[in-house]
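Undergrad: Sharing work14.cif below, mmCIF, C-alpha atoms:
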```
data_input
#
loop_
_atom_site.label_atom_id
_atom_site.label_comp_id
_atom_site.auth_asym_id
_atom_site.auth_seq_id
_atom_site.Cartn_x
_atom_site.Cartn_y
_atom_site.Cartn_z
CA MET A 172 106.53 99.59 140.00
CA SER A 173 106.55 100.56 136.34
CA ILE A 174 104.37 98.70 133.88
CA LYS A 175 105.72 97.18 130.69
CA ALA A 176 104.23 96.65 127.27
CA MET A 177 104.26 93.07 126.01
CA THR A 178 104.07 92.78 122.22
CA SER A 179 101.98 90.28 120.28
CA LYS A 180 105.25 88.74 119.09
CA GLU A 181 106.36 88.16 122.68
CA VAL A 182 103.01 86.58 123.56
CA THR A 183 103.22 84.40 120.45
CA LYS A 184 106.61 83.10 121.59
CA LYS A 185 105.05 82.15 124.92
CA VAL A 186 102.34 80.24 123.03
CA PHE A 187 104.91 78.45 120.85
CA ASN A 188 107.19 77.64 123.80
CA LYS A 189 104.28 76.53 126.01
CA GLU A 190 105.21 79.02 128.72
CA ALA A 191 102.91 79.97 131.59
CA LEU A 192 101.05 83.29 131.45
CA PHE A 193 98.23 84.71 133.53
CA ILE A 194 95.87 86.91 131.49
CA LEU A 195 93.58 89.47 133.08
CA ASP A 196 91.15 90.26 130.27
CA VAL A 197 89.20 93.45 130.99
CA ARG A 198 86.85 93.29 127.98
CA ASN A 199 83.18 92.53 128.55
CA LYS A 200 82.20 88.94 129.22
CA SER A 201 80.65 88.23 125.82
CA ALA A 202 83.75 89.45 123.96
CA PHE A 203 85.97 87.31 126.18
CA LEU A 204 83.85 84.18 125.72
CA ASP A 205 83.72 84.69 121.96
CA TRP A 206 87.44 85.19 121.43
CA LYS A 207 90.50 85.27 123.65
CA ILE A 208 94.26 84.73 123.56
CA GLU A 209 94.88 81.01 123.82
CA GLY A 210 97.91 79.16 125.13
CA GLU A 211 98.39 75.66 126.50
CA LYS A 212 99.63 76.94 129.88
CA PHE A 213 97.69 80.18 130.02
CA ALA A 214 95.34 80.97 132.92
CA TYR A 215 92.58 83.56 132.74
CA LEU A 216 90.55 86.01 134.75
CA ASN A 217 87.87 88.06 133.01
CA ILE A 218 86.79 91.19 134.87
CA PRO A 219 85.26 93.96 132.73
CA TYR A 220 87.08 97.27 132.95
CA PHE A 221 83.99 99.12 134.19
CA ASP A 222 83.91 96.86 137.25
CA LEU A 223 87.41 98.06 138.16
CA LEU A 224 86.88 101.81 137.90
CA ASP A 225 86.67 102.11 141.72
CA GLY A 226 89.87 100.13 142.22
CA VAL A 227 91.41 96.67 142.04
CA ASP A 228 91.33 95.75 145.74
CA GLU A 229 88.77 92.97 145.25
CA ILE A 230 90.86 91.12 142.66
CA LEU A 231 94.32 91.42 144.23
CA ASN A 232 94.06 87.99 145.84
CA LYS A 233 93.19 86.51 142.43
CA ILE A 234 96.35 87.75 140.69
CA PRO A 235 99.28 85.30 140.99
CA THR A 236 102.72 86.52 142.01
CA ASP A 237 104.63 83.51 140.71
CA MET A 238 103.99 83.93 136.96
CA ASP A 239 103.92 86.64 134.31
CA VAL A 240 100.70 88.67 134.36
CA LEU A 241 99.31 90.32 131.21
CA VAL A 242 96.38 92.74 131.15
CA VAL A 243 94.41 92.66 127.89
CA CYS A 244 91.68 94.84 126.40
CA ALA A 245 90.34 95.58 122.94
CA LYS A 246 92.64 98.42 121.87
CA GLU A 247 95.16 98.94 124.75
CA GLY A 248 93.91 101.98 126.69
CA SER A 249 91.83 100.21 129.34
CA SER A 250 94.52 97.60 129.95
CA VAL A 251 97.13 100.31 130.56
CA MET A 252 94.95 101.91 133.23
CA VAL A 253 94.22 98.62 134.98
CA ALA A 254 97.88 97.61 134.79
CA GLU A 255 98.84 100.94 136.39
CA MET A 256 96.38 100.34 139.23
CA LEU A 257 97.81 96.87 139.85
CA SER A 258 101.33 98.25 139.71
CA ASP A 259 100.43 100.88 142.30
CA GLU A 260 99.44 97.98 144.55
CA GLY A 261 102.91 96.48 144.18
CA LEU A 262 102.22 93.89 141.47
CA ASN A 263 104.54 93.34 138.50
CA VAL A 264 102.30 93.30 135.43
CA SER A 265 102.40 94.02 131.70
CA TYR A 266 99.75 95.14 129.22
CA LEU A 267 99.25 93.90 125.67
CA GLN A 268 100.57 96.51 123.29
CA GLY A 269 97.81 97.40 120.82
CA GLY A 270 95.29 95.16 122.56
CA MET A 271 93.30 92.46 120.80
CA LYS A 272 93.38 94.58 117.65
CA ALA A 273 97.14 94.04 117.43
CA TRP A 274 96.77 90.39 118.45
CA SER A 275 94.40 89.81 115.53
CA GLU A 276 96.90 91.24 113.05
CA HIS A 277 100.14 89.61 114.19
CA LEU A 278 101.81 87.24 111.71
CA GLU A 279 104.67 84.98 112.79
CA PRO A 280 106.76 83.48 109.95
CA VAL A 281 107.91 79.90 110.53
CA LYS A 282 109.99 77.84 108.13
CA VAL A 283 108.10 74.60 107.54
CA GLY A 284 110.27 72.79 105.02
CA ASN A 285 113.02 72.62 102.46
CA LEU A 286 112.46 72.20 98.75
CA LYS A 287 114.90 70.97 96.17
CA ASP A 288 118.07 72.90 95.33
CA GLY A 289 117.81 75.24 98.30
CA GLY A 290 114.15 76.14 97.97
CA GLU A 291 112.16 76.84 101.12
CA ILE A 292 108.57 77.16 102.24
CA TYR A 293 107.46 79.47 105.04
CA GLN A 294 104.20 79.50 106.93
CA PHE A 295 102.88 82.80 108.29
CA VAL A 296 100.91 82.01 111.44
CA ARG A 297 98.20 84.55 112.22
CA ILE A 298 98.03 83.37 115.78
CA GLY A 299 95.05 85.45 116.89
CA LYS A 300 92.80 84.49 113.96
CA GLY A 301 93.95 80.97 113.14
CA CYS A 302 94.80 81.97 109.55
CA LEU A 303 97.80 80.42 107.78
CA SER A 304 99.44 81.80 104.65
CA TYR A 305 102.55 80.77 102.77
CA MET A 306 105.62 81.92 100.91
CA ILE A 307 107.40 79.50 98.57
CA VAL A 308 110.94 80.57 97.72
CA SER A 309 113.33 79.32 95.03
CA ASN A 310 116.46 80.94 93.61
CA GLY A 311 115.46 84.47 94.52
CA GLU A 312 111.82 84.13 93.41
CA ALA A 313 108.80 83.80 95.68
CA ALA A 314 105.15 82.84 95.41
CA ILE A 315 102.61 83.77 98.09
CA ILE A 316 99.46 81.80 98.89
CA ASP A 317 96.40 83.09 100.80
CA ALA A 318 97.95 86.35 101.99
CA THR A 319 96.24 88.38 104.69
CA ARG A 320 95.64 92.13 104.38
CA MET A 321 98.82 92.87 106.40
CA THR A 322 100.79 92.98 103.17
CA ASP A 323 103.87 94.81 104.43
CA ILE A 324 104.85 91.76 106.46
CA TYR A 325 105.20 89.64 103.30
CA LEU A 326 106.92 92.39 101.35
CA ASP A 327 109.42 93.07 104.14
CA PHE A 328 110.10 89.35 104.64
CA ALA A 329 110.75 88.88 100.92
CA ASP A 330 113.21 91.79 101.04
CA ILE A 331 114.99 90.29 104.05
CA ILE A 332 115.54 86.94 102.33
CA GLY A 333 116.34 88.57 98.99
CA ALA A 334 113.40 87.20 97.00
CA LYS A 335 111.25 88.84 94.32
CA ILE A 336 107.55 88.01 94.52
CA THR A 337 106.50 86.84 91.05
CA HIS A 338 103.24 84.96 91.71
CA VAL A 339 100.41 85.47 94.20
CA PHE A 340 97.58 82.94 94.70
CA ASP A 341 94.31 82.77 96.58
CA THR A 342 93.04 79.22 96.94
CA HIS A 343 89.47 80.58 96.91
CA LEU A 344 87.43 83.72 97.47
CA HIS A 345 87.81 84.17 101.22
CA ALA A 346 84.88 84.95 103.50
CA ASP A 347 86.64 85.02 106.88
CA HIS A 348 89.45 87.48 106.19
CA ILE A 349 90.35 90.19 103.71
CA SER A 350 92.86 89.00 101.15
CA GLY A 351 96.08 90.89 100.58
CA GLY A 352 96.77 89.00 97.36
CA ARG A 353 95.68 91.63 94.88
CA ASP A 354 97.47 94.41 96.78
CA ILE A 355 100.74 92.46 96.88
CA ALA A 356 100.47 91.63 93.17
CA GLU A 357 99.93 95.28 92.30
CA LYS A 358 102.87 96.44 94.43
CA THR A 359 105.28 93.82 93.05
CA GLU A 360 103.90 93.43 89.50
CA ALA A 361 103.43 89.75 90.24
CA VAL A 362 100.80 87.57 88.53
CA TYR A 363 97.65 87.32 90.66
CA TRP A 364 95.89 83.96 90.34
CA LEU A 365 92.29 83.33 91.40
CA PRO A 366 89.90 80.41 90.67
CA PRO A 367 87.48 81.72 88.01
CA LYS A 368 84.50 79.83 89.46
CA ASP A 369 84.87 81.97 92.59
CA ALA A 370 85.76 85.14 90.70
CA PHE A 371 82.82 85.66 88.35
CA GLU A 372 81.78 88.80 90.25
CA VAL A 373 85.20 90.34 90.86
CA THR A 374 85.79 93.84 89.50
CA PHE A 375 89.52 93.56 88.74
CA PRO A 376 91.74 91.60 86.32
CA TYR A 377 93.29 88.32 87.42
CA GLN A 378 94.90 85.22 85.96
CA PRO A 379 92.43 82.29 85.96
CA LEU A 380 93.63 79.48 88.22
CA GLU A 381 92.51 76.28 86.53
CA ALA A 382 92.86 72.62 87.46
CA GLY A 383 96.15 71.23 86.23
CA ASN A 384 97.96 74.57 86.04
CA ASP A 385 101.67 74.13 86.74
CA ILE A 386 103.42 77.29 87.88
CA ILE A 387 107.20 77.28 88.01
CA ILE A 388 109.28 79.53 90.24
CA GLY A 389 113.05 79.80 90.33
CA ASN A 390 115.69 78.24 88.15
CA ALA A 391 115.68 75.02 90.21
CA PRO A 392 112.67 74.90 89.41
CA ILE A 393 109.90 74.45 92.00
CA ASN A 394 106.59 73.21 90.61
CA ILE A 395 103.30 74.46 92.08
CA HIS A 396 100.55 72.19 90.74
CA ALA A 397 96.92 73.33 90.98
CA LEU A 398 94.43 70.67 92.10
CA TYR A 399 90.74 71.56 91.79
CA SER A 400 89.15 70.72 95.14
CA PRO A 401 85.70 72.33 95.48
CA GLY A 402 83.52 72.14 98.56
CA HIS A 403 84.38 75.07 100.78
CA THR A 404 83.63 77.19 97.73
CA ILE A 405 82.83 76.06 94.21
CA GLY A 406 86.24 77.22 93.00
CA SER A 407 88.43 76.02 95.88
CA THR A 408 91.83 74.92 94.61
CA SER A 409 94.65 73.11 96.42
CA PHE A 410 98.33 73.03 95.51
CA VAL A 411 100.85 70.22 95.43
CA VAL A 412 104.28 71.82 95.82
CA ASP A 413 107.42 70.01 94.71
CA ARG A 414 105.57 66.68 95.16
CA LYS A 415 106.18 67.12 98.87
CA PHE A 416 103.56 69.49 100.31
CA LEU A 417 99.78 69.77 99.92
CA LEU A 418 98.45 73.26 100.51
CA SER A 419 94.84 72.39 101.24
CA GLY A 420 93.31 75.85 101.57
CA ASP A 421 90.04 75.71 103.50
CA ILE A 422 89.17 72.17 102.42
CA LEU A 423 91.13 70.13 104.97
CA PHE A 424 92.54 71.12 108.34
CA ILE A 425 94.47 69.15 110.95
CA ASP A 426 91.55 68.35 113.23
CA SER A 427 88.58 69.38 111.10
CA ILE A 428 87.32 69.94 107.56
CA GLY A 429 86.08 72.98 105.64
CA ARG A 430 82.54 74.29 105.85
CA PRO A 431 80.49 74.58 102.62
CA ASP A 432 77.97 77.26 103.59
CA LEU A 433 79.66 80.67 103.42
CA ALA A 434 77.98 81.50 100.13
CA GLY A 435 74.69 80.03 101.36
CA LEU A 436 75.04 76.81 99.37
CA ALA A 437 75.81 74.13 101.96
CA GLY A 438 73.32 71.68 100.49
CA ASP A 439 74.76 72.11 97.00
CA TRP A 440 78.43 72.04 97.88
CA VAL A 441 78.57 69.33 100.54
CA GLY A 442 78.78 66.68 97.81
CA ASP A 443 81.71 68.51 96.23
CA LEU A 444 83.38 68.69 99.62
CA ARG A 445 83.06 64.94 100.10
CA ASP A 446 84.38 64.23 96.60
CA SER A 447 87.41 66.45 97.20
CA LEU A 448 88.22 64.84 100.55
CA TYR A 449 87.28 61.24 99.85
CA LYS A 450 88.23 60.94 96.16
CA ARG A 451 90.61 63.64 94.95
CA TYR A 452 92.76 63.63 98.09
CA ARG A 453 92.67 59.82 98.33
CA GLU A 454 94.47 59.69 94.99
CA LEU A 455 97.41 61.66 96.36
CA SER A 456 100.49 60.31 98.12
CA ALA A 457 99.96 59.65 101.82
CA GLU A 458 103.44 61.10 102.38
CA LEU A 459 102.44 64.62 101.36
CA ILE A 460 102.70 67.13 104.20
CA VAL A 461 99.39 68.96 104.54
CA LEU A 462 99.67 72.71 105.07
CA PRO A 463 96.16 74.09 105.67
CA ALA A 464 94.94 77.69 105.52
CA HIS A 465 93.60 77.62 109.08
CA PHE A 466 93.86 76.00 112.47
CA MET A 467 91.03 75.86 115.00
CA MET A 468 92.70 75.03 118.30
CA ILE A 469 96.03 75.90 119.84
CA ASP A 470 96.92 72.23 120.31
CA GLU A 471 97.09 71.85 116.53
CA LEU A 472 100.39 73.73 116.61
CA ASN A 473 103.60 71.72 116.33
CA ALA A 474 106.51 72.22 118.71
CA ASP A 475 107.94 75.01 116.55
CA GLY A 476 104.58 76.79 116.25
CA SER A 477 103.86 75.56 112.73
CA VAL A 478 100.73 73.70 111.64
CA SER A 479 101.22 70.62 109.45
CA GLU A 480 100.71 66.86 109.28
CA ARG A 481 101.15 63.93 106.88
CA LEU A 482 98.11 63.33 104.69
CA GLY A 483 98.17 59.65 105.63
CA THR A 484 98.02 60.56 109.32
CA LEU A 485 95.00 62.79 108.72
CA PHE A 486 93.22 60.01 106.87
CA ALA A 487 93.76 57.86 109.95
CA LYS A 488 92.91 60.40 112.66
CA ASN A 489 90.76 63.23 111.28
CA HIS A 490 87.13 62.32 112.00
CA GLY A 491 85.91 64.29 109.00
CA LEU A 492 87.82 61.91 106.71
CA ASN A 493 86.40 58.77 108.28
CA ILE A 494 82.64 58.99 107.90
CA GLU A 495 81.81 56.12 105.55
CA ASP A 496 78.10 56.79 105.29
CA GLU A 497 77.53 59.62 102.82
CA HIS A 498 74.21 60.63 104.40
CA GLU A 499 75.85 60.86 107.83
CA PHE A 500 78.64 62.98 106.36
CA LYS A 501 76.21 65.40 104.76
CA LYS A 502 74.20 65.64 107.97
CA LEU A 503 77.31 66.37 110.01
CA VAL A 504 78.54 69.05 107.64
CA THR A 505 75.22 70.83 107.12
CA GLU A 506 73.76 70.54 110.64
CA ASN A 507 76.89 70.94 112.76
CA LEU A 508 78.01 74.33 111.49
CA PRO A 509 79.56 76.88 113.85
CA PRO A 510 78.45 80.53 113.80
CA GLN A 511 79.36 82.27 110.58
CA PRO A 512 82.38 84.60 110.53
CA ASN A 513 81.83 88.21 111.50
CA ALA A 514 80.79 90.36 108.50
CA TYR A 515 81.52 87.51 106.09
CA GLN A 516 79.31 88.93 103.35
CA GLU A 517 81.11 92.27 103.52
CA ILE A 518 84.45 90.47 103.51
CA ARG A 519 83.47 88.56 100.38
CA GLU A 520 82.41 91.77 98.65
CA THR A 521 85.67 93.43 99.64
CA ASN A 522 87.60 90.50 98.17
CA MET A 523 85.54 90.88 94.99
CA GLY A 524 86.53 94.54 94.74
CA LYS A 525 82.95 95.72 95.25
CA MET A 526 83.80 97.44 98.54
CA ASN A 527 86.86 99.40 99.60
CA PRO A 528 86.58 99.90 103.38
CA ASP A 529 89.22 101.86 105.27
CA VAL A 530 91.69 100.11 107.56
CA GLU A 531 89.65 100.62 110.73
CA LYS A 532 86.56 99.20 109.05
CA GLN A 533 88.58 96.21 107.82
CA ARG A 534 89.77 95.56 111.36
CA GLU A 535 86.21 95.71 112.61
CA MET A 536 85.03 93.32 109.88
CA GLU A 537 87.68 90.75 110.79
CA SER A 538 87.25 90.87 114.56
CA GLY A 539 86.66 87.57 116.32
CA PRO A 540 87.85 83.99 115.92
CA ASN A 541 88.31 81.82 112.87
CA ARG A 542 85.09 80.04 111.90
CA CYS A 543 85.89 78.27 108.65
CA ALA A 544 85.83 74.69 109.89
CA VAL A 545 83.41 71.89 110.76
CA ARG A 546 84.53 69.68 113.63
#
```
If you took the structure in this file and wrote it as structure tokens, what would it be?
TA:
Amino acid sequence: MSIKAMTSKEVTKKVFNKEALFILDVRNKSAFLDWKIEGEKFAYLNIPYFDLLDGVDEILNKIPTDMDVLVVCAKEGSSVMVAEMLSDEGLNVSYLQGGMKAWSEHLEPVKVGNLKDGGEIYQFVRIGKGCLSYMIVSNGEAAIIDATRMTDIYLDFADIIGAKITHVFDTHLHADHISGGRDIAEKTEAVYWLPPKDAFEVTFPYQPLEAGNDIIIGNAPINIHALYSPGHTIGSTSFVVDRKFLLSGDILFIDSIGRPDLAGLAGDWVGDLRDSLYKRYRELSAELIVLPAHFMMIDELNADGSVSERLGTLFAKNHGLNIEDEHEFKKLVTENLPPQPNAYQEIRETNMGKMNPDVEKQREMESGPNRCAVR
């Protein structure tokens, strides 16, 4: 039998559609336990590639014949060889094109809502990293929020829908992924906005994003209102779009809240985090649809693959928004922190313009799961 390549886009569709998939992951055990492809109906077998060099006879009875089988490795090469061995034994299998490297970089655009007079908002789901970025479109103009470094995807999408990118925003100085905001702004001559409290060490020009800024796009027009919401970083800023959506950055997620320690200041910023969640957000309409910058778990995805929820629903169900005792809240947030993101200090310095690593180094820096939340 011949083996087939399965693209990250095809795997993403299986995740969104809740289809069954059996994954044979041939990376080492620690890499698999740290970070893997997740799907509600996915099953897994982790056998390191080096254990299969003498053949696949011992695992043949562990490979199902009644569901799609995908062999996965870090970069593709090992999975192709294992898939070929399984195919030689009569099994119908595929390998992940580009490996986990490609999985980490895939972005899937999903329309998440309509705005007035034909405006639209799209969410770009970085399925392998849990990152979420946005494009707001109105009358041929577009604004981008929290772009990843895969900038061509946004530029090509804007071309497809016939929109000119005029504004680019980062809600904060990211520590978990390399921002594509500055690169997009330079390529499109758009205005690049960044919170000045996060940007005091950056080496490039930017437009200061201040509380109360109202940015208009399109002739409709669509209003993007900046809401200062510190806590994840000291400059973290949310956006209320068209009085309908709340882009919460890394402050509030669907099933968790932001962590305050990625600049080493958890004790200082935890109070700001609580004020943003328990005071600033409480003053907003419960009907706002929250669009966060990350998701933690695959079950946070909606039926169409998007990630969103009413603010009022989150206030009722998100545990991080329902800790009345302030001391208990601070203890939870400062003592219940997950491991810090891979190379987060280098990522911060890259986003400041202090480093300019090549593409392969950037991929290496971003490897692994999203770790921006406290749950």
Undergrad: With all atoms listed in the file as the counted atoms, please give the residues lying no more than 6 Å from Pro431 (chain A), apart from itself and same-chain residues fewer than 4 positions off, as a VMD selection string.
TA: chain A and resid 402 to 403 437 440 to 441
Undergrad: Taking the file above as input, evaluate the PyMOL selection byres ((chain A and resi 302-313) around 7) and report the hits as a VMD selection string.
TA: chain A and resid 289 to 297 300 to 301 314 to 318 333 to 338 388 to 391 393 463 to 466
Undergrad: May I ask for the distance between CA of Asn394 (chain A) and CA of Val362 (chain A), given in Å to one decimal place?
TA: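 Separation between CA of Asn394 (chain A) and CA of Val362 (chain A): 15.6 Å.
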Undergrad: Run the PyMOL selection byres ((chain A and resi 201-215) around 9) against the file shown and list the residues it catches, as a list of chain:residue names.
TA: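 With the PyMOL selection byres ((chain A and resi 201-215) around 9) on this model, the match is A:Val182, A:Thr183, A:Lys185, A:Val186, A:Phe187, A:Lys189, A:Glu190, A:Ala191, A:Leu192, A:Phe193, A:Ile194, A:Leu195, A:Asp196, A:Val197, A:Arg198, A:Asn199, A:Lys200, A:Leu216, A:Asn217, A:Met271, A:Trp274, A:Ile298, A:Gly299, A:Met468, A:Ile469, A:Asp470, A:Ser538, A:Gly539, A:Pro540.
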Undergrad: For the selection you just gave me, I'd like the residues written to a file as a compact mmCIF listing (two decimals), in the coordinates of the input, keeping C-alpha atoms.
TA:
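Once everything was written out, this is result.txt:
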```txt
# COMPACT_ATOMS: atom_id res chain seq x y z
CA VAL A 182 103.01 86.58 123.56
CA THR A 183 103.22 84.40 120.45
CA LYS A 185 105.05 82.15 124.92
CA VAL A 186 102.34 80.24 123.03
CA PHE A 187 104.91 78.45 120.85
CA LYS A 189 104.28 76.53 126.01
CA GLU A 190 105.21 79.02 128.72
CA ALA A 191 102.91 79.97 131.59
CA LEU A 192 101.05 83.29 131.45
CA PHE A 193 98.23 84.71 133.53
CA ILE A 194 95.87 86.91 131.49
CA LEU A 195 93.58 89.47 133.08
CA ASP A 196 91.15 90.26 130.27
CA VAL A 197 89.20 93.45 130.99
CA ARG A 198 86.85 93.29 127.98
CA ASN A 199 83.18 92.53 128.55
CA LYS A 200 82.20 88.94 129.22
CA LEU A 216 90.55 86.01 134.75
CA ASN A 217 87.87 88.06 133.01
CA MET A 271 93.30 92.46 120.80
CA TRP A 274 96.77 90.39 118.45
CA ILE A 298 98.03 83.37 115.78
CA GLY A 299 95.05 85.45 116.89
CA MET A 468 92.70 75.03 118.30
CA ILE A 469 96.03 75.90 119.84
CA ASP A 470 96.92 72.23 120.31
CA SER A 538 87.25 90.87 114.56
CA GLY A 539 86.66 87.57 116.32
CA PRO A 540 87.85 83.99 115.92
```
Undergrad: What is the distance between CA of Lys502 (chain A) and CA of Ser419 (chain A), in Å to one decimal?
TA: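 We find that CA of Lys502 (chain A) and CA of Ser419 (chain A) lie 22.7 Å from each other.
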Undergrad: Expand the PyMOL selection byres ((chain A and resi 243) around 6) into the explicit residue set it covers here, and present it as a PyMOL selection string.
TA: chain A and resi 196+242+244+250+267+270
Undergrad: At what distance in Å, to one decimal, does CA of Ser350 (chain A) lie from CA of Gln268 (chain A)?
TA: 24.6 Å
Undergrad: Residues at most 12 Å from Leu459 (chain A), counting all atoms listed in the file, excluding those fewer than 2 positions away in the same chain, as number ranges by chain?
TA: A: 284, 410-419, 452-457, 461-462, 479-486
Undergrad: Applying 6 Å and all atoms listed in the file, which residues near region 506-512 of chain A remain after dropping the ones on its own chain fewer than 3 positions away? List them as a list in words.
TA: Asp347, Lys502, Leu503, Tyr515, Arg542 and Val545 of chain A
Undergrad: Using only C-alpha atoms, which protein or nucleic acid residues come within 9 Å of Leu448 (chain A)? Drop anything in the same chain fewer than 4 positions from it, and give the result as a tab-separated table (two decimals) with C-alpha atoms, keeping the file's coordinate frame.
TA:
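So the final result, stored in selection_13.tsv, reads:
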```
chain	number	residue	atom	x	y	z
A	400	SER	CA	89.15	70.72	95.14
A	402	GLY	CA	83.52	72.14	98.56
A	422	ILE	CA	89.17	72.17	102.42
A	423	LEU	CA	91.13	70.13	104.97
A	428	ILE	CA	87.32	69.94	107.56
A	443	ASP	CA	81.71	68.51	96.23
A	444	LEU	CA	83.38	68.69	99.62
A	452	TYR	CA	92.76	63.63	98.09
A	453	ARG	CA	92.67	59.82	98.33
A	491	GLY	CA	85.91	64.29	109.00
A	492	LEU	CA	87.82	61.91	106.71
```
Undergrad: For the interface of region 451-519 of chain A with region 524-528 of chain A (cut-off 10 Å, counting all atoms listed in the file), please tabulate each contacting residue of region 451-519 of chain A alongside its nearest pair of atoms and their separation in Å to one decimal, rows sorted by chain and increasing number, as a Markdown table.
TA:
```
| residue | atom | partner | partner_atom | distance |
| --- | --- | --- | --- | --- |
| A:Glu517 | CA | A:Met526 | CA | 7.7 |
| A:Ile518 | CA | A:Met526 | CA | 8.6 |
| A:Arg519 | CA | A:Gly524 | CA | 8.8 |
```
Undergrad: Keeping C-alpha atoms, export the residues of the selection given above as a short mmCIF file (atom, residue, chain, number, x, y, z; two decimals), in the coordinates of the input.
TA:
```
data_model
loop_
_atom_site.label_atom_id
_atom_site.label_comp_id
_atom_site.auth_asym_id
_atom_site.auth_seq_id
_atom_site.Cartn_x
_atom_site.Cartn_y
_atom_site.Cartn_z
CA GLU A 517 81.11 92.27 103.52
CA ILE A 518 84.45 90.47 103.51
CA ARG A 519 83.47 88.56 100.38
#
```
Undergrad: Pick out the closest residue to Asp259 (chain A) from this set: A:Asp439, A:Asp228, A:Glu247, A:Asp529. Count all atoms listed in the file.
TA: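 Closest residue, counting all atoms listed in the file: A:Asp228.
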